[in-house]
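**Student:** Sharing a structure here in structure tokens format.
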Amino acid sequence: QVQLAEFGGGMVQAGGSLRLSCAASGLMFSVYGMGWFRQAPGKGREFVAGISWKRGTVYYGDSVKGRFTISRDNAKNTGYLQMNNLEPEDTAVYSCAVVPPRIDYTTHSASDEGSYTYWGQGTQVTVSS
């Protein structure tokens with residue numbers, strides 16, 4: 001059974017930092033592309049960041065470029081999202097998801113939630129002003 005579990009959410013003041021983790025089990029994590037999405041109250045799901053499995057190519061949503069960093073440790077079956085200089089607009093539920101190797105992980109597929117086959121339950125991030 002495939003499971004993705006997010007950790008590290010919480011409440012932080014504007015300008016602060018948080019590091020999210022995504023622990024994967026039940027799949028060969030090293031051959032899956034991985035992404036982070038977020039959903040704020042009353043809004044649709046937004047692509048945050050993605051990282052390919054083959055070369056570790058990274059992609060970012062425009063609103064987080066320069067502030068967030070995605071990474072992965074295949075030996076630990078874990079992905080990460082380092083979030084710096086957080087803003088109140090970053091408040092949302094953050095979810096990790098994975099793309100199977102049969103799908104070429106590109107700029108387009110990374111940001112398309114339809115590419116992702118497995119999703120975590122999400123973790124709340126709240127940024128106060």
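Ligands are numbered from 1 in the order shown, residues from 1 within each chain, and chains are lettered A, B, ... in the order they appear in the structure tokens.
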I'd like the contact shell of Leu86 (chain A) - 12 Å cut-off, only C-alpha atoms, skipping same-chain residues fewer than 5 positions apart - returned as a compact mmCIF listing (two decimals) with N, CA, C and O atoms, in the first residue's frame.

**Tutor:**
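This went into result.txt:
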```txt
# COMPACT_ATOMS: atom_id res chain seq x y z
N MET A 11 2.66 26.84 12.74
CA MET A 11 2.39 28.28 12.68
C MET A 11 3.69 29.03 12.84
O MET A 11 4.51 28.70 13.70
N VAL A 12 3.86 30.06 12.03
CA VAL A 12 5.10 30.84 12.05
C VAL A 12 4.76 32.28 11.71
O VAL A 12 3.76 32.55 11.04
N GLN A 13 5.58 33.19 12.17
CA GLN A 13 5.39 34.60 11.84
C GLN A 13 5.96 34.91 10.46
O GLN A 13 6.86 34.21 9.97
N ALA A 14 5.44 35.95 9.85
CA ALA A 14 5.95 36.38 8.55
C ALA A 14 7.46 36.60 8.62
O ALA A 14 7.97 37.16 9.60
N GLY A 15 8.15 36.15 7.60
CA GLY A 15 9.60 36.25 7.58
C GLY A 15 10.29 35.01 8.12
O GLY A 15 11.51 34.87 7.97
N GLY A 16 9.53 34.13 8.75
CA GLY A 16 10.10 32.92 9.32
C GLY A 16 10.26 31.81 8.31
O GLY A 16 10.01 31.97 7.11
N SER A 17 10.69 30.64 8.81
CA SER A 17 10.97 29.49 7.96
C SER A 17 10.34 28.23 8.52
O SER A 17 10.14 28.11 9.73
N LEU A 18 10.03 27.32 7.64
CA LEU A 18 9.59 25.98 8.00
C LEU A 18 10.17 25.00 6.99
O LEU A 18 10.43 25.36 5.83
N ARG A 19 10.35 23.77 7.44
CA ARG A 19 10.80 22.71 6.55
C ARG A 19 9.80 21.58 6.59
O ARG A 19 9.59 20.97 7.65
N SER A 63 5.10 32.13 -7.45
CA SER A 63 4.93 32.82 -6.18
C SER A 63 5.93 32.40 -5.11
O SER A 63 6.05 33.08 -4.08
N VAL A 64 6.68 31.32 -5.34
CA VAL A 64 7.62 30.84 -4.31
C VAL A 64 9.06 30.84 -4.78
O VAL A 64 9.97 30.54 -3.99
N LYS A 65 9.29 31.19 -6.03
CA LYS A 65 10.66 31.20 -6.55
C LYS A 65 11.55 32.12 -5.72
O LYS A 65 11.18 33.24 -5.40
N GLY A 66 12.72 31.62 -5.39
CA GLY A 66 13.67 32.40 -4.60
C GLY A 66 13.46 32.29 -3.11
O GLY A 66 14.31 32.74 -2.34
N ARG A 67 12.34 31.71 -2.69
CA ARG A 67 12.06 31.58 -1.25
C ARG A 67 11.99 30.11 -0.81
O ARG A 67 12.37 29.79 0.32
N PHE A 68 11.49 29.25 -1.67
CA PHE A 68 11.32 27.84 -1.33
C PHE A 68 12.35 27.00 -2.09
O PHE A 68 12.73 27.32 -3.22
N THR A 91 -0.08 30.85 3.63
CA THR A 91 -0.95 30.04 4.48
C THR A 91 -1.82 29.12 3.64
O THR A 91 -2.53 29.56 2.74
N ALA A 92 -1.73 27.82 3.92
CA ALA A 92 -2.45 26.82 3.13
C ALA A 92 -2.18 25.43 3.71
O ALA A 92 -1.33 25.26 4.58
N VAL A 125 0.03 24.87 7.10
CA VAL A 125 1.04 25.91 7.34
C VAL A 125 0.28 27.23 7.50
O VAL A 125 -0.51 27.60 6.63
N THR A 126 0.51 27.88 8.62
CA THR A 126 -0.15 29.16 8.90
C THR A 126 0.91 30.21 9.16
O THR A 126 1.75 30.03 10.04
N VAL A 127 0.85 31.29 8.41
CA VAL A 127 1.82 32.38 8.56
C VAL A 127 1.07 33.61 9.03
O VAL A 127 0.17 34.10 8.36
N SER A 128 1.47 34.11 10.19
CA SER A 128 0.81 35.29 10.75
C SER A 128 1.60 36.54 10.41
O SER A 128 2.83 36.51 10.30
N SER A 129 0.89 37.65 10.30
CA SER A 129 1.55 38.91 9.94
C SER A 129 2.02 39.66 11.17
O SER A 129 1.71 39.30 12.30
```

**Student:** Compile the contact shell of region 43-53 of chain A as a PDB file with N, CA, C and O atoms, in the first residue's frame: residues with an atom at most 6 Å away, counting only C-alpha atoms, same-chain residues fewer than 6 positions apart removed.

**Tutor:**
```
ATOM      1  N   VAL A  31      12.302   6.378  -8.230  1.00  0.00           N
ATOM      2  CA  VAL A  31      11.966   6.506  -9.652  1.00  0.00           C
ATOM      3  C   VAL A  31      10.680   7.288  -9.873  1.00  0.00           C
ATOM      4  O   VAL A  31      10.105   7.250 -10.962  1.00  0.00           O
ATOM      5  N   TYR A  32      10.236   7.986  -8.833  1.00  0.00           N
ATOM      6  CA  TYR A  32       9.039   8.806  -8.959  1.00  0.00           C
ATOM      7  C   TYR A  32       9.413  10.280  -8.897  1.00  0.00           C
ATOM      8  O   TYR A  32      10.211  10.695  -8.059  1.00  0.00           O
ATOM      9  N   GLY A  33       8.821  11.066  -9.791  1.00  0.00           N
ATOM     10  CA  GLY A  33       8.892  12.502  -9.639  1.00  0.00           C
ATOM     11  C   GLY A  33       8.063  12.912  -8.431  1.00  0.00           C
ATOM     12  O   GLY A  33       7.078  12.249  -8.085  1.00  0.00           O
ATOM     13  N   MET A  34       8.443  13.967  -7.772  1.00  0.00           N
ATOM     14  CA  MET A  34       7.740  14.382  -6.559  1.00  0.00           C
ATOM     15  C   MET A  34       7.412  15.864  -6.616  1.00  0.00           C
ATOM     16  O   MET A  34       8.224  16.668  -7.088  1.00  0.00           O
ATOM     17  N   GLY A  35       6.240  16.197  -6.138  1.00  0.00           N
ATOM     18  CA  GLY A  35       5.844  17.595  -6.136  1.00  0.00           C
ATOM     19  C   GLY A  35       5.161  17.997  -4.844  1.00  0.00           C
ATOM     20  O   GLY A  35       4.715  17.144  -4.073  1.00  0.00           O
ATOM     21  N   TRP A  36       5.113  19.290  -4.632  1.00  0.00           N
ATOM     22  CA  TRP A  36       4.378  19.874  -3.514  1.00  0.00           C
ATOM     23  C   TRP A  36       3.306  20.809  -4.094  1.00  0.00           C
ATOM     24  O   TRP A  36       3.597  21.616  -4.989  1.00  0.00           O
ATOM     25  N   PHE A  37       2.123  20.692  -3.571  1.00  0.00           N
ATOM     26  CA  PHE A  37       1.019  21.578  -3.927  1.00  0.00           C
ATOM     27  C   PHE A  37       0.455  22.172  -2.642  1.00  0.00           C
ATOM     28  O   PHE A  37       0.678  21.648  -1.551  1.00  0.00           O
ATOM     29  N   TYR A  59      11.521  22.460 -10.309  1.00  0.00           N
ATOM     30  CA  TYR A  59      10.579  23.407 -10.885  1.00  0.00           C
ATOM     31  C   TYR A  59       9.861  24.106  -9.734  1.00  0.00           C
ATOM     32  O   TYR A  59       9.575  23.480  -8.702  1.00  0.00           O
ATOM     33  N   TYR A  60       9.531  25.377  -9.936  1.00  0.00           N
ATOM     34  CA  TYR A  60       8.868  26.143  -8.888  1.00  0.00           C
ATOM     35  C   TYR A  60       7.710  26.957  -9.438  1.00  0.00           C
ATOM     36  O   TYR A  60       7.766  27.451 -10.570  1.00  0.00           O
ATOM     37  N   GLY A  61       6.704  27.119  -8.609  1.00  0.00           N
ATOM     38  CA  GLY A  61       5.648  28.058  -8.933  1.00  0.00           C
ATOM     39  C   GLY A  61       6.185  29.482  -8.811  1.00  0.00           C
ATOM     40  O   GLY A  61       7.084  29.742  -8.007  1.00  0.00           O
ATOM     41  N   TYR A 105       8.819  13.657 -16.607  1.00  0.00           N
ATOM     42  CA  TYR A 105       8.662  14.744 -15.643  1.00  0.00           C
ATOM     43  C   TYR A 105       9.258  16.011 -16.228  1.00  0.00           C
ATOM     44  O   TYR A 105      10.477  16.197 -16.253  1.00  0.00           O
ATOM     45  N   ALA A 110       5.075  18.515 -14.256  1.00  0.00           N
ATOM     46  CA  ALA A 110       5.349  18.785 -12.836  1.00  0.00           C
ATOM     47  C   ALA A 110       4.258  19.656 -12.228  1.00  0.00           C
ATOM     48  O   ALA A 110       3.870  19.470 -11.073  1.00  0.00           O
ATOM     49  N   SER A 111       3.764  20.610 -12.977  1.00  0.00           N
ATOM     50  CA  SER A 111       2.781  21.546 -12.439  1.00  0.00           C
ATOM     51  C   SER A 111       1.340  21.099 -12.668  1.00  0.00           C
ATOM     52  O   SER A 111       0.411  21.772 -12.212  1.00  0.00           O
TER      53      SER A 111
END
```

**Student:** Based on DSSP run over this structure's backbone, return all residues of chain A in strand (DSSP E), as a PyMOL selection string.

**Tutor:** chain A and resi 3-7+10-13+18-25+33-39+45-51+58-60+68-73+78-83+92-99+118-119+123-128

**Student:** Taking the DSSP secondary structure from the backbone, can you list the residues of chain A that are helix (DSSP H, G or I), as an MDAnalysis selection string?

**Tutor:** chainID A and resid 29:31 74:76 88:90 107:111 113:115

**Student:** May I ask for the distance between CA of His108 (chain A) and CA of Gly42 (chain A), given in Å to one decimal place?

**Tutor:** 24.7 Å

**Student:** Quick one: pull the distance between CA of Thr57 (chain A) and CA of Glu89 (chain A), Å, one decimal.

**Tutor:**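 If I compute the distance from CA of Thr57 (chain A) to CA of Glu89 (chain A), I get 26.1 Å.
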
**Student:** In Å, rounded to a single decimal, give me how far CA of Ile70 (chain A) is from CA of Val58 (chain A).

**Tutor:**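 The value is 7.1 Å.
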
**Student:** Quick one: residues within 10 Å of Gln124 (chain A), only C-alpha atoms, excluding same-chain residues fewer than 5 positions away - as a PyMOL selection string?

**Tutor:** chain A and resi 6-11+38-40+91-95

**Student:** List the neighbours of Thr78 (chain A) out to 10 Å using only C-alpha atoms; skip same-chain residues closer than 4 positions along the sequence, and give me the result as a list in words.

**Tutor:** Leu4, Ala5, Glu6, Ser21, Cys22, Ala23, Ala24, Ser25, Phe29, Ser30, Met34, Ser71, Arg72, Asp73 and Asn74 of chain A

**Student:** Please write the residues from the selection above to a file, keeping N, CA and C atoms, as a PDB file, in the first residue's frame.

**Tutor:**
```pdb
ATOM      1  N   LEU A   4       1.978   8.367   1.514  1.00  0.00           N
ATOM      2  CA  LEU A   4       2.782   9.578   1.594  1.00  0.00           C
ATOM      3  C   LEU A   4       2.326  10.331   2.829  1.00  0.00           C
ATOM      4  N   ALA A   5       3.278  10.699   3.664  1.00  0.00           N
ATOM      5  CA  ALA A   5       2.927  11.388   4.906  1.00  0.00           C
ATOM      6  C   ALA A   5       3.758  12.654   5.028  1.00  0.00           C
ATOM      7  N   GLU A   6       3.070  13.769   5.229  1.00  0.00           N
ATOM      8  CA  GLU A   6       3.754  15.052   5.370  1.00  0.00           C
ATOM      9  C   GLU A   6       3.971  15.390   6.840  1.00  0.00           C
ATOM     10  N   SER A  21       8.512  17.808   5.363  1.00  0.00           N
ATOM     11  CA  SER A  21       9.019  16.516   4.922  1.00  0.00           C
ATOM     12  C   SER A  21       7.874  15.687   4.367  1.00  0.00           C
ATOM     13  N   CYS A  22       8.212  14.835   3.410  1.00  0.00           N
ATOM     14  CA  CYS A  22       7.232  13.916   2.817  1.00  0.00           C
ATOM     15  C   CYS A  22       7.847  12.529   2.839  1.00  0.00           C
ATOM     16  N   ALA A  23       7.348  11.679   3.711  1.00  0.00           N
ATOM     17  CA  ALA A  23       7.866  10.323   3.842  1.00  0.00           C
ATOM     18  C   ALA A  23       7.027   9.374   2.996  1.00  0.00           C
ATOM     19  N   ALA A  24       7.697   8.647   2.104  1.00  0.00           N
ATOM     20  CA  ALA A  24       7.002   7.742   1.191  1.00  0.00           C
ATOM     21  C   ALA A  24       7.254   6.291   1.576  1.00  0.00           C
ATOM     22  N   SER A  25       6.236   5.463   1.402  1.00  0.00           N
ATOM     23  CA  SER A  25       6.378   4.021   1.641  1.00  0.00           C
ATOM     24  C   SER A  25       5.487   3.276   0.662  1.00  0.00           C
ATOM     25  N   PHE A  29      10.409   4.935  -4.362  1.00  0.00           N
ATOM     26  CA  PHE A  29      10.395   6.393  -4.368  1.00  0.00           C
ATOM     27  C   PHE A  29      11.431   6.978  -5.324  1.00  0.00           C
ATOM     28  N   SER A  30      12.571   6.300  -5.473  1.00  0.00           N
ATOM     29  CA  SER A  30      13.679   6.857  -6.245  1.00  0.00           C
ATOM     30  C   SER A  30      13.360   7.029  -7.724  1.00  0.00           C
ATOM     31  N   MET A  34       8.443  13.967  -7.772  1.00  0.00           N
ATOM     32  CA  MET A  34       7.740  14.382  -6.559  1.00  0.00           C
ATOM     33  C   MET A  34       7.412  15.864  -6.616  1.00  0.00           C
ATOM     34  N   SER A  71      13.857  19.426  -2.336  1.00  0.00           N
ATOM     35  CA  SER A  71      14.957  18.471  -2.413  1.00  0.00           C
ATOM     36  C   SER A  71      14.419  17.088  -2.085  1.00  0.00           C
ATOM     37  N   ARG A  72      15.262  16.082  -2.264  1.00  0.00           N
ATOM     38  CA  ARG A  72      14.865  14.725  -1.961  1.00  0.00           C
ATOM     39  C   ARG A  72      16.069  13.916  -1.512  1.00  0.00           C
ATOM     40  N   ASP A  73      15.804  12.915  -0.680  1.00  0.00           N
ATOM     41  CA  ASP A  73      16.813  11.962  -0.249  1.00  0.00           C
ATOM     42  C   ASP A  73      16.248  10.578  -0.557  1.00  0.00           C
ATOM     43  N   ASN A  74      16.654  10.022  -1.686  1.00  0.00           N
ATOM     44  CA  ASN A  74      16.087   8.748  -2.114  1.00  0.00           C
ATOM     45  C   ASN A  74      16.442   7.609  -1.154  1.00  0.00           C
TER      46      ASN A  74
END
```

**Student:** Could you check the closest approach to Gly114 (chain A) for each of A:Pro100, A:Pro88, A:Gly79, A:Pro41 and tell me which residue wins, using only C-alpha atoms?

**Tutor:** A:Pro100
